[in-house]
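Just protein_18.txt here, compact mmCIF, C-alpha atoms (C1' of nucleotides):
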# COMPACT_ATOMS: atom_id res chain seq x y z
CA MET A 1 0.00 0.00 0.00
CA SER A 2 2.96 2.31 -0.25
CA ASP A 3 3.19 3.15 -3.91
CA ARG A 4 1.22 6.20 -4.68
CA PRO A 5 1.24 8.53 -7.66
CA ALA A 6 1.64 12.27 -7.60
CA ARG A 7 -0.26 14.11 -4.95
CA PRO A 8 -3.58 15.42 -6.14
CA ALA A 9 -3.68 19.19 -6.44
CA ALA A 10 -6.51 19.56 -3.97
CA ASP A 11 -4.87 17.47 -1.29
CA GLN A 12 -5.18 19.58 1.78
CA GLY A 13 -2.50 17.50 3.30
CA SER A 14 -1.45 18.20 6.79
CA ASP A 15 -3.99 20.77 7.83
CA PRO A 16 -7.01 19.04 9.28
CA ALA A 17 -8.48 22.37 10.27
CA ALA A 18 -9.22 22.93 6.61
CA ALA A 19 -11.98 20.38 6.80
CA PHE A 20 -13.89 22.60 9.18
CA GLN A 21 -13.66 25.63 6.93
CA PRO A 22 -16.27 26.25 4.30
CA HIS A 23 -14.77 25.87 0.86
CA ASP A 24 -15.53 25.12 -2.74
CA HIS A 25 -16.44 21.49 -2.78
CA GLY A 26 -16.94 21.43 -6.49
CA HIS A 27 -13.28 22.12 -6.96
CA CYS A 28 -11.81 19.62 -4.54
CA SER A 29 -14.37 17.19 -5.83
CA SER A 30 -13.10 17.01 -9.39
CA ALA A 31 -9.49 16.72 -8.27
CA ALA A 32 -10.41 13.98 -5.86
CA LEU A 33 -12.35 12.13 -8.54
CA ASP A 34 -9.41 12.22 -10.89
CA ALA A 35 -7.13 10.90 -8.22
CA ALA A 36 -9.65 8.23 -7.36
CA GLU A 37 -9.92 7.06 -10.92
CA ALA A 38 -6.15 6.83 -11.23
CA ARG A 39 -5.85 4.85 -8.02
CA LEU A 40 -8.58 2.45 -9.02
CA ALA A 41 -7.10 1.85 -12.44
CA GLN A 42 -3.92 0.69 -10.77
CA GLN A 43 -5.93 -1.78 -8.76
CA GLY A 44 -7.90 -3.03 -11.72
CA ALA A 45 -11.13 -1.67 -10.27
CA ARG A 46 -13.71 0.45 -12.06
CA LEU A 47 -15.32 3.68 -11.03
CA THR A 48 -18.72 2.97 -12.50
CA PRO A 49 -21.46 5.64 -12.72
CA VAL A 50 -23.16 4.72 -9.44
CA ARG A 51 -19.87 4.54 -7.64
CA ARG A 52 -18.66 7.77 -9.13
CA ARG A 53 -21.85 9.58 -8.26
CA THR A 54 -21.79 8.16 -4.76
CA LEU A 55 -18.30 9.48 -4.25
CA GLU A 56 -19.34 12.86 -5.62
CA ILE A 57 -22.24 12.99 -3.23
CA LEU A 58 -19.99 12.27 -0.28
CA LEU A 59 -17.47 14.83 -1.48
CA GLU A 60 -20.15 17.48 -1.72
CA SER A 61 -21.03 17.11 1.92
CA PRO A 62 -18.91 18.40 4.75
CA ARG A 63 -20.76 16.07 7.06
CA ALA A 64 -20.85 12.32 7.14
CA MET A 65 -23.93 10.93 5.42
CA GLY A 66 -26.11 7.99 6.28
CA ALA A 67 -26.49 5.27 3.67
CA TYR A 68 -30.15 6.07 3.19
CA GLU A 69 -29.41 9.72 2.75
CA VAL A 70 -27.01 8.80 -0.05
CA LEU A 71 -29.58 6.39 -1.43
CA ASP A 72 -32.21 9.12 -1.64
CA ARG A 73 -29.87 11.24 -3.70
CA LEU A 74 -29.01 8.36 -5.99
CA ALA A 75 -32.62 7.37 -6.47
CA ALA A 76 -33.57 10.95 -7.31
CA GLU A 77 -31.03 10.84 -10.09
CA GLY A 78 -32.28 7.71 -11.72
CA PHE A 79 -30.22 5.06 -9.97
CA GLY A 80 -31.78 2.20 -8.07
CA ARG A 81 -33.79 2.99 -5.00
CA GLN A 82 -33.16 -0.06 -2.88
CA PRO A 83 -30.68 -0.14 0.03
CA PRO A 84 -28.15 -2.50 -1.56
CA VAL A 85 -27.51 0.05 -4.29
CA ALA A 86 -26.13 2.51 -1.78
CA TYR A 87 -24.51 -0.03 0.50
CA ARG A 88 -22.65 -1.71 -2.32
CA ALA A 89 -21.29 1.53 -3.70
CA LEU A 90 -20.30 2.72 -0.25
CA GLU A 91 -18.66 -0.55 0.63
CA PHE A 92 -16.72 -0.42 -2.62
CA LEU A 93 -15.47 3.08 -1.86
CA VAL A 94 -14.53 2.19 1.68
CA SER A 95 -12.70 -0.97 0.68
CA HIS A 96 -10.73 0.96 -1.89
CA GLY A 97 -9.75 3.69 0.51
CA LEU A 98 -11.92 6.38 -1.06
CA ALA A 99 -14.35 6.75 1.79
CA HIS A 100 -14.59 6.05 5.47
CA ARG A 101 -17.23 4.62 7.67
CA LEU A 102 -17.87 6.35 10.98
CA GLN A 103 -18.92 3.79 13.53
CA ARG A 104 -20.26 6.29 15.96
CA LEU A 105 -22.59 7.83 13.46
CA ASN A 106 -23.49 4.88 11.26
CA ALA A 107 -22.46 7.13 8.44
CA PHE A 108 -19.97 7.56 5.63
CA ALA A 109 -17.65 10.32 4.53
CA ALA A 110 -15.37 10.76 1.56
CA CYS A 111 -11.72 10.27 2.26
CA LEU A 112 -10.00 13.61 1.88
CA HIS A 113 -6.50 12.25 1.65
CA PRO A 114 -6.75 9.12 -0.44
CA GLY A 115 -3.55 7.16 -0.54
CA HIS A 116 -2.27 8.84 2.55
CA ASP A 117 -3.36 7.22 5.76
CA HIS A 118 -6.12 4.79 5.18
CA THR A 119 -7.46 4.62 8.67
CA PRO A 120 -7.12 8.04 10.20
CA ALA A 121 -8.56 9.30 13.43
CA PHE A 122 -11.79 11.25 13.05
CA LEU A 123 -12.70 14.50 14.68
CA ILE A 124 -16.44 14.96 14.75
CA CYS A 125 -17.82 18.34 15.74
CA ARG A 126 -20.94 17.89 17.81
CA SER A 127 -22.10 21.36 16.95
CA CYS A 128 -21.78 21.59 13.16
CA ASP A 129 -21.42 17.86 12.48
CA ARG A 130 -18.42 18.39 10.26
CA VAL A 131 -15.87 15.62 10.19
CA ALA A 132 -12.12 15.99 9.87
CA GLU A 133 -9.41 13.42 9.52
CA ALA A 134 -6.36 13.53 11.74
CA GLU A 135 -3.08 11.73 11.59
CA ALA A 136 -3.62 8.48 13.42
CA ALA A 137 -0.13 7.02 13.26
CA PRO A 138 1.12 8.40 16.59
CA ILE A 139 -2.13 7.46 18.26
CA ARG A 140 -2.07 3.97 16.88
CA ALA A 141 1.51 3.59 18.03
CA VAL A 142 0.55 4.28 21.62
CA LEU A 143 -2.48 2.05 21.33
CA SER A 144 -0.41 -0.84 20.01
CA ASP A 145 2.02 -0.31 22.79
CA VAL A 146 -0.62 -0.36 25.49
CA ALA A 147 -2.25 -3.39 23.89
CA SER A 148 0.96 -5.36 23.62
CA GLY A 149 1.26 -5.04 27.38
CA ALA A 150 -1.79 -7.31 27.46
CA GLY A 151 -0.41 -9.59 24.78
CA PHE A 152 -2.91 -8.21 22.30
CA ARG A 153 -1.96 -7.59 18.70
CA VAL A 154 -3.88 -4.70 17.17
CA GLU A 155 -4.91 -5.17 13.55
CA ARG A 156 -7.43 -2.42 12.99
CA ALA A 157 -8.30 0.50 15.19
CA THR A 158 -11.33 2.74 15.34
CA ILE A 159 -10.46 6.14 16.70
CA GLU A 160 -13.25 8.68 16.72
CA ALA A 161 -13.33 11.83 18.79
CA LEU A 162 -16.42 13.86 19.53
CA GLY A 163 -15.93 17.48 20.47
CA LEU A 164 -15.96 21.03 19.33
CA CYS A 165 -14.19 22.35 16.26
CA ALA A 166 -12.38 25.66 16.17
CA SER A 167 -15.08 27.60 14.31
CA CYS A 168 -17.87 26.42 16.55
CA ALA A 169 -15.82 27.16 19.65
CA ALA A 170 -15.16 30.64 18.26
CA ASP A 171 -18.87 31.07 17.57
CA GLY A 172 -19.46 30.48 21.24
CA ALA A 173 -21.06 27.07 20.98
CA ALA A 174 -21.23 25.43 24.37
CA MET B 1 -46.26 -19.81 34.41
CA SER B 2 -48.68 -17.47 36.08
CA ASP B 3 -49.81 -14.34 34.38
CA ARG B 4 -47.79 -12.28 36.77
CA PRO B 5 -44.33 -13.71 36.35
CA ALA B 6 -42.07 -14.08 39.31
CA ARG B 7 -39.42 -11.45 39.59
CA PRO B 8 -36.00 -11.87 41.07
CA ALA B 9 -36.18 -11.11 44.77
CA ALA B 10 -33.79 -8.23 45.01
CA ASP B 11 -35.48 -5.44 46.84
CA GLN B 12 -33.11 -2.60 47.17
CA GLY B 13 -32.47 0.34 49.36
CA SER B 14 -34.63 0.47 52.43
CA ASP B 15 -34.68 -3.22 53.26
CA PRO B 16 -31.62 -4.22 55.27
CA ALA B 17 -32.36 -7.92 54.75
CA ALA B 18 -31.70 -7.46 51.09
CA ALA B 19 -28.01 -7.54 51.77
CA PHE B 20 -28.30 -11.15 52.87
CA GLN B 21 -30.26 -12.43 50.01
CA PRO B 22 -28.59 -15.40 48.35
CA HIS B 23 -27.89 -15.37 44.66
CA ASP B 24 -29.62 -17.76 42.40
CA HIS B 25 -26.34 -18.14 40.61
CA GLY B 26 -23.65 -19.15 42.98
CA HIS B 27 -20.64 -17.81 41.19
CA CYS B 28 -19.96 -14.25 41.15
CA SER B 29 -19.85 -10.92 40.54
CA SER B 30 -21.47 -10.24 43.87
CA ALA B 31 -18.47 -8.13 44.72
CA ALA B 32 -18.90 -6.13 41.56
CA LEU B 33 -22.59 -5.76 42.22
CA ASP B 34 -22.00 -4.59 45.76
CA ALA B 35 -19.49 -2.07 44.55
CA ALA B 36 -21.93 -0.93 41.92
CA GLU B 37 -24.68 -0.47 44.45
CA ALA B 38 -22.42 1.55 46.69
CA ARG B 39 -21.33 3.77 43.85
CA LEU B 40 -24.89 4.34 42.77
CA ALA B 41 -26.04 5.18 46.26
CA GLN B 42 -23.49 7.96 46.37
CA GLN B 43 -24.96 9.34 43.19
CA GLY B 44 -28.52 9.06 44.40
CA ALA B 45 -29.30 6.43 41.79
CA ARG B 46 -30.97 3.07 42.31
CA LEU B 47 -29.97 -0.38 41.17
CA THR B 48 -33.47 -1.71 40.56
CA PRO B 49 -34.17 -5.36 39.78
CA VAL B 50 -34.07 -4.99 36.00
CA ARG B 51 -30.93 -2.93 36.14
CA ARG B 52 -29.28 -5.30 38.56
CA ARG B 53 -30.15 -8.32 36.50
CA THR B 54 -28.98 -6.60 33.33
CA LEU B 55 -25.64 -5.92 34.95
CA GLU B 56 -25.42 -9.52 36.13
CA ILE B 57 -26.10 -10.76 32.62
CA LEU B 58 -23.33 -8.59 31.23
CA LEU B 59 -20.96 -9.68 33.97
CA GLU B 60 -21.60 -13.33 33.21
CA SER B 61 -20.49 -12.91 29.63
CA PRO B 62 -16.89 -12.53 28.54
CA ARG B 63 -18.15 -11.15 25.23
CA ALA B 64 -20.04 -8.01 24.53
CA MET B 65 -23.77 -8.62 24.15
CA GLY B 66 -26.28 -7.07 21.80
CA ALA B 67 -29.24 -5.28 23.33
CA TYR B 68 -31.66 -7.85 21.96
CA GLU B 69 -29.58 -10.67 23.33
CA VAL B 70 -29.82 -9.09 26.76
CA LEU B 71 -33.50 -8.49 26.20
CA ASP B 72 -34.12 -12.17 25.47
CA ARG B 73 -32.52 -13.11 28.75
CA LEU B 74 -34.52 -10.53 30.66
CA ALA B 75 -37.78 -11.54 29.02
CA ALA B 76 -37.12 -15.21 29.81
CA GLU B 77 -36.84 -14.25 33.46
CA GLY B 78 -40.11 -12.39 33.68
CA PHE B 79 -39.10 -8.87 32.85
CA GLY B 80 -40.58 -6.92 29.98
CA ARG B 81 -40.02 -8.15 26.48
CA GLN B 82 -39.97 -4.91 24.53
CA PRO B 83 -36.76 -3.23 23.37
CA PRO B 84 -36.97 -0.19 25.64
CA VAL B 85 -36.70 -2.44 28.67
CA ALA B 86 -33.21 -3.50 27.67
CA TYR B 87 -32.16 -0.21 26.18
CA ARG B 88 -33.16 1.75 29.25
CA ALA B 89 -31.34 -0.55 31.61
CA LEU B 90 -28.24 -0.58 29.41
CA GLU B 91 -28.26 3.16 28.98
CA PHE B 92 -28.54 3.57 32.73
CA LEU B 93 -25.57 1.30 33.34
CA VAL B 94 -23.49 3.02 30.71
CA SER B 95 -24.31 6.49 31.94
CA HIS B 96 -23.34 5.48 35.46
CA GLY B 97 -20.05 3.95 34.42
CA LEU B 98 -21.05 0.35 35.08
CA ALA B 99 -21.08 -0.78 31.48
CA HIS B 100 -19.68 0.23 28.14
CA ARG B 101 -21.08 0.44 24.68
CA LEU B 102 -18.94 -0.88 21.86
CA GLN B 103 -19.65 1.13 18.74
CA ARG B 104 -18.02 -1.31 16.40
CA LEU B 105 -20.15 -4.18 17.57
CA ASN B 106 -23.39 -2.44 18.44
CA ALA B 107 -23.04 -4.21 21.74
CA PHE B 108 -22.57 -3.73 25.45
CA ALA B 109 -20.18 -5.08 28.05
CA ALA B 110 -19.92 -4.75 31.81
CA CYS B 111 -17.26 -2.39 33.03
CA LEU B 112 -14.58 -4.43 34.73
CA HIS B 113 -12.98 -1.57 36.56
CA PRO B 114 -15.81 0.66 37.67
CA GLY B 115 -14.66 3.91 39.14
CA HIS B 116 -11.31 3.81 37.41
CA ASP B 117 -11.21 5.11 33.89
CA HIS B 118 -14.69 5.52 32.59
CA THR B 119 -13.87 5.49 28.93
CA PRO B 120 -11.09 3.02 28.36
CA ALA B 121 -9.77 1.71 25.07
CA PHE B 122 -11.22 -1.63 24.05
CA LEU B 123 -9.35 -4.60 22.72
CA ILE B 124 -11.67 -6.89 20.82
CA CYS B 125 -10.39 -10.30 19.80
CA ARG B 126 -11.69 -11.20 16.37
CA SER B 127 -11.18 -14.87 17.08
CA CYS B 128 -12.82 -15.46 20.47
CA ASP B 129 -14.83 -12.22 20.61
CA ARG B 130 -13.65 -11.48 24.11
CA VAL B 131 -13.32 -7.84 25.04
CA ALA B 132 -10.67 -6.33 27.28
CA GLU B 133 -10.28 -2.83 28.59
CA ALA B 134 -6.99 -1.02 28.29
CA GLU B 135 -5.71 2.16 29.84
CA ALA B 136 -6.81 4.94 27.51
CA ALA B 137 -5.25 7.92 29.21
CA PRO B 138 -1.97 7.92 27.28
CA ILE B 139 -3.83 7.31 24.03
CA ARG B 140 -6.29 10.07 24.70
CA ALA B 141 -3.43 12.39 25.52
CA VAL B 142 -1.89 11.88 22.09
CA LEU B 143 -5.28 12.16 20.43
CA SER B 144 -6.03 15.43 22.18
CA ASP B 145 -2.64 16.68 21.18
CA VAL B 146 -3.11 15.81 17.52
CA ALA B 147 -6.61 17.27 17.57
CA SER B 148 -5.56 20.52 19.16
CA GLY B 149 -3.29 21.03 16.18
CA ALA B 150 -6.50 21.46 14.23
CA GLY B 151 -8.08 23.62 16.91
CA PHE B 152 -10.35 20.78 17.86
CA ARG B 153 -11.24 20.14 21.48
CA VAL B 154 -11.86 16.48 22.18
CA GLU B 155 -14.66 15.78 24.62
CA ARG B 156 -15.30 12.09 24.20
CA ALA B 157 -13.23 9.54 22.36
CA THR B 158 -14.09 6.13 21.01
CA ILE B 159 -11.01 3.93 20.84
CA GLU B 160 -11.64 0.36 19.79
CA ALA B 161 -9.01 -2.03 18.51
CA LEU B 162 -9.73 -5.20 16.62
CA GLY B 163 -7.07 -7.89 16.67
CA LEU B 164 -5.89 -11.08 18.23
CA CYS B 165 -5.64 -11.74 21.94
CA ALA B 166 -2.77 -13.62 23.54
CA SER B 167 -4.57 -16.94 23.99
CA CYS B 168 -5.91 -17.02 20.46
CA ALA B 169 -2.49 -16.14 19.08
CA ALA B 170 -1.00 -18.95 21.17
CA ASP B 171 -3.66 -21.32 19.87
CA GLY B 172 -2.44 -20.58 16.41
CA ALA B 173 -5.39 -18.54 15.20
CA ALA B 174 -4.59 -16.71 11.99
C1' DA C 1 -53.89 9.89 55.77
C1' DA C 2 -54.58 12.07 51.17
C1' DG C 3 -52.85 14.19 47.27
C1' DA C 4 -49.04 15.69 44.27
C1' DC C 5 -45.04 14.39 42.02
C1' DA C 6 -41.09 12.06 40.05
C1' DA C 7 -38.97 7.89 38.78
C1' DC C 8 -39.60 3.60 36.97
C1' DC C 9 -41.40 -0.25 34.17
C1' DG C 10 -44.18 -2.03 30.68
C1' DT C 11 -46.60 -1.91 26.14
C1' DA C 12 -47.48 -1.00 21.06
C1' DA C 13 -45.94 1.03 17.15
C1' DC C 14 -42.59 2.79 14.38
C1' DA C 15 -37.97 4.42 12.34
C1' DC C 16 -33.53 3.57 11.00
C1' DT C 17 -29.64 0.53 9.50
C1' DA C 18 -28.09 -3.48 7.03
C1' DT C 19 -28.05 -7.97 4.55
C1' DA C 20 -29.70 -12.15 1.85
C1' DA C 21 -31.22 -14.06 -2.23
C1' DC C 22 -32.17 -13.81 -6.81
C1' DA C 23 -32.70 -11.97 -11.79
C1' DG C 24 -31.10 -9.44 -15.74
C1' DC C 25 -27.57 -6.83 -18.14
C1' DT C 26 -23.02 -5.95 -20.33
C1' DC C 27 -18.72 -6.93 -21.76
C1' DG C 28 -14.65 -9.54 -22.85
C1' DT C 29 -13.16 -14.17 -23.98
C1' DT C 30 -13.47 -18.65 -26.23
C1' DA D 1 -22.84 -17.91 -30.41
C1' DA D 2 -21.90 -19.47 -25.73
C1' DC D 3 -19.82 -18.67 -21.54
C1' DG D 4 -18.35 -16.50 -17.19
C1' DA D 5 -17.29 -12.49 -14.41
C1' DG D 6 -18.66 -8.40 -12.63
C1' DC D 7 -22.18 -4.97 -12.02
C1' DT D 8 -26.86 -3.21 -11.14
C1' DG D 9 -31.37 -3.75 -9.95
C1' DT D 10 -35.24 -6.02 -7.44
C1' DT D 11 -38.00 -8.12 -3.30
C1' DA D 12 -37.94 -9.48 1.14
C1' DT D 13 -36.23 -9.78 5.64
C1' DA D 14 -33.13 -9.20 9.62
C1' DG D 15 -31.14 -6.38 13.11
C1' DT D 16 -30.81 -2.11 15.87
C1' DG D 17 -32.87 1.73 18.21
C1' DT D 18 -36.61 5.34 19.38
C1' DT D 19 -41.17 7.59 20.26
C1' DA D 20 -45.28 7.84 22.67
C1' DC D 21 -48.20 6.59 26.11
C1' DG D 22 -50.11 4.44 30.36
C1' DG D 23 -49.87 2.25 34.82
C1' DT D 24 -47.44 1.46 39.20
C1' DT D 25 -44.72 2.64 43.06
C1' DG D 26 -42.35 5.18 46.33
C1' DT D 27 -41.54 9.72 48.32
C1' DC D 28 -42.47 14.17 49.72
C1' DT D 29 -45.74 17.44 51.17
C1' DT D 30 -49.80 19.14 53.38
Can you give me the file's structure in the form of structure tokens?
Amino acid sequence: MSDRPARPAADQGSDPAAAFQPHDHGHCSSAALDAAEARLAQQGARLTPVRRRTLEILLESPRAMGAYEVLDRLAAEGFGRQPPVAYRALEFLVSHGLAHRLQRLNAFAACLHPGHDHTPAFLICRSCDRVAEAEAAPIRAVLSDVASGAGFRVERATIEALGLCASCAADGAA
Amino acid sequence: MSDRPARPAADQGSDPAAAFQPHDHGHCSSAALDAAEARLAQQGARLTPVRRRTLEILLESPRAMGAYEVLDRLAAEGFGRQPPVAYRALEFLVSHGLAHRLQRLNAFAACLHPGHDHTPAFLICRSCDRVAEAEAAPIRAVLSDVASGAGFRVERATIEALGLCASCAADGAA
DNA sequence: AAGACAACCGTAACACTATAACAGCTCGTT
DNA sequence: AACGAGCTGTTATAGTGTTACGGTTGTCTT
């Protein structure tokens, strides 16, 4: 999982705060889609219309979206209107590192740094519901360390923080 | 069975004889239950029969249990058989630090160290399904640190690791 | 002791989340 | 043309969680 092509232009890289700022999603969306297509081609996977549209929908939202919310959008645009349509597309995106599933919310969000860190930590603002990705490597290191003290070998870790983002804190949200 | 099912004799609070009442199940968690009761008393909360039995059920299981699994047990013992019965008891236990909810599993487990660290990290063995609690303080410290780089203030963190426990690894589980 | 009140337990009904099983389509290969 | 693989769509069902309401009980007040 270490070979990765050139960084996409819209990669907001190391500044997770960017995710909490309003910005032009249409722009980051097309860059992300291009990057996605390139990554998938390497893996011999196809970004079919439903999958592409599903990813676009996720990219357009600053919040995580429930599967049925995504499904409603898809159905309104002429795709199938049964749950598996959305779940299959979402599962495909997640398994190819293009989207994430948030356990705490039963929801999905586009991956903003595809190819970077496939299982980041998530910062979920309880006021505006925006979701940001944070570097999980140092956290996972400590977790693995603590776990190995119990003889436990960590394979996958879910790290999700609920709290208040900078803008909401500035806006005086409790 | 009569139409008014028998309920576990576990009158709480004002009856001093309650302390002497023998358990139906000999093994136990009576120490944990006593501790729980003491903790609750301090908080002005009551360990009613349903709540007590729910905690016992969780304590008897090394795995996390789904709400409906708990509900089946409760219903079989004469308590209500509708979902809110289980969910209310579980929510009470969680909110008083006597049980935990595992987001990844949609399941609940008794807290093994009540009064210690109320939101530990969880180590979930994918082979035997057992759940262990690990010290989360150092992990949360790193998480808060990473998050603060994005101006995010962490309030609650979900840290759940999936992997292989020592015994399963020793038994040669993949 | 009687009434007011809050907490608790139970019920029915419903909402939300997710999967199983199966059928048809398309496309590349033989 | 026939085949198989992968994708999309369908119906039906399973699993998880909540809302709304009513009755009981225990406590506090008067």
Padded axis-aligned box of stretch 88-98 of chain B (8 Å per side), centre and edge lengths, Å, one decimal, as AutoDock Vina command-line options:
--center_x -26.6 --center_y 3.0 --center_z 32.2 --size_x 29.1 --size_y 23.1 --size_z 22.5
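With chain A held fixed and chain B fitted to it over all Cα atoms, the RMSD is 10.8 Å.
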Please tabulate, as a tab-separated table, the residues of chain D that come within 8 Å of chain A, each with its closest pair of atoms and the distance in Å to one decimal, counting only C-alpha atoms (C1' of nucleotides) and ordering rows by chain, then residue number upward.
residue	atom	partner	partner_atom	distance
D:DT8	C1'	A:Val85	CA	7.6
D:DG9	C1'	A:Gly80	CA	6.3
D:DT10	C1'	A:Gln82	CA	7.8
Near stretch 9-20 of chain C, counting only C-alpha atoms (C1' of nucleotides), which residues have an atom at most 8 Å away, once you skip same-chain residues fewer than 4 positions from it, shown as a PDB file with C-alpha atoms (C1' of nucleotides), in the frame of the given file?
ATOM      1  CA  ASN A 106     -23.490   4.880  11.260  1.00  0.00           C
TER       2      ASN A 106
ATOM      3  CA  GLY B  80     -40.580  -6.920  29.980  1.00  0.00           C
ATOM      4  CA  GLN B  82     -39.970  -4.910  24.530  1.00  0.00           C
ATOM      5  CA  VAL B  85     -36.700  -2.440  28.670  1.00  0.00           C
TER       6      VAL B  85
ATOM      7  C1'  DT D  13     -36.230  -9.780   5.640  1.00  0.00           C
ATOM      8  C1'  DA D  14     -33.130  -9.200   9.620  1.00  0.00           C
ATOM      9  C1'  DG D  15     -31.140  -6.380  13.110  1.00  0.00           C
ATOM     10  C1'  DT D  16     -30.810  -2.110  15.870  1.00  0.00           C
ATOM     11  C1'  DG D  17     -32.870   1.730  18.210  1.00  0.00           C
ATOM     12  C1'  DT D  18     -36.610   5.340  19.380  1.00  0.00           C
ATOM     13  C1'  DT D  19     -41.170   7.590  20.260  1.00  0.00           C
TER      14       DT D  19
END
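Taking atom CA of A:Ser144 and atom CA of A:Ala121 as the two end points, the separation is 14.6 Å.
Across the structure, atom CA of A:Gln43 and atom CA of A:Pro120 are spaced 21.4 Å apart.
Computed from the coordinates, the atom CA of A:Ala173 to atom CA of A:His100 distance equals 26.9 Å.
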At a cut-off of 10 Å, using all atoms listed in the file, what residues contact D:DG26? Leave out same-chain residues fewer than 4 positions from it and give the result as a ChimeraX atom specification.
/C:6-8
Go ahead and dump the residues you just picked, C-alpha atoms (C1' of nucleotides), as a PDB file, keeping the file's coordinate frame.
ATOM      1  C1'  DA C   6     -41.090  12.060  40.050  1.00  0.00           C
ATOM      2  C1'  DA C   7     -38.970   7.890  38.780  1.00  0.00           C
ATOM      3  C1'  DC C   8     -39.600   3.600  36.970  1.00  0.00           C
TER       4       DC C   8
END
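Those DNA, RNA and protein residues that approach the point (-4.6, -14.3, 25.2) to within 9 Å, considering only C-alpha atoms (C1' of nucleotides), are Ala150, Gly151 and Phe152 of chain A; Cys125, Leu164, Cys165, Ala166, Ser167, Cys168, Ala169, Ala170 and Asp171 of chain B.
The part of chain B that reaches within 8 Å of chain A is made up of Gln103, Arg104, Leu123, Ala134, Glu135, Pro138, Ile139, Val142, Leu143, Val146, Ala147, Gly149, Ala150, Gly151, Phe152, Arg153, Val154, Glu155, Arg156, Ala157, Thr158, Ile159, Glu160, Ala161, Leu162, Gly163, Leu164, Cys165 and Ala166 of chain B, counting all atoms listed in the file.
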Which one of B:Ala86, B:Leu33, B:Met65, B:Leu40 sits closest to chain C if you count all atoms listed in the file?
B:Ala86
Could the residues of chain A within 10 Å of chain C, counting only C-alpha atoms (C1' of nucleotides), be given as a PyMOL selection string, please?
chain A and resi 66-68+83-84+87+106-107
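Residues lying at most 12 Å from (-21.1, 5.0, 29.3) in file coordinates, with only C-alpha atoms (C1' of nucleotides) considered, are Ala89, Leu90, Glu91, Phe92, Leu93, Val94, Ser95, His96, Gly97, Leu98, Ala99, His100, Arg101, Leu102, Gln103, Phe108, Ala109, Ala110, Cys111, Pro114, Gly115, Asp117, His118, Thr119, Pro120, Arg156, Ala157 and Thr158 of chain B.
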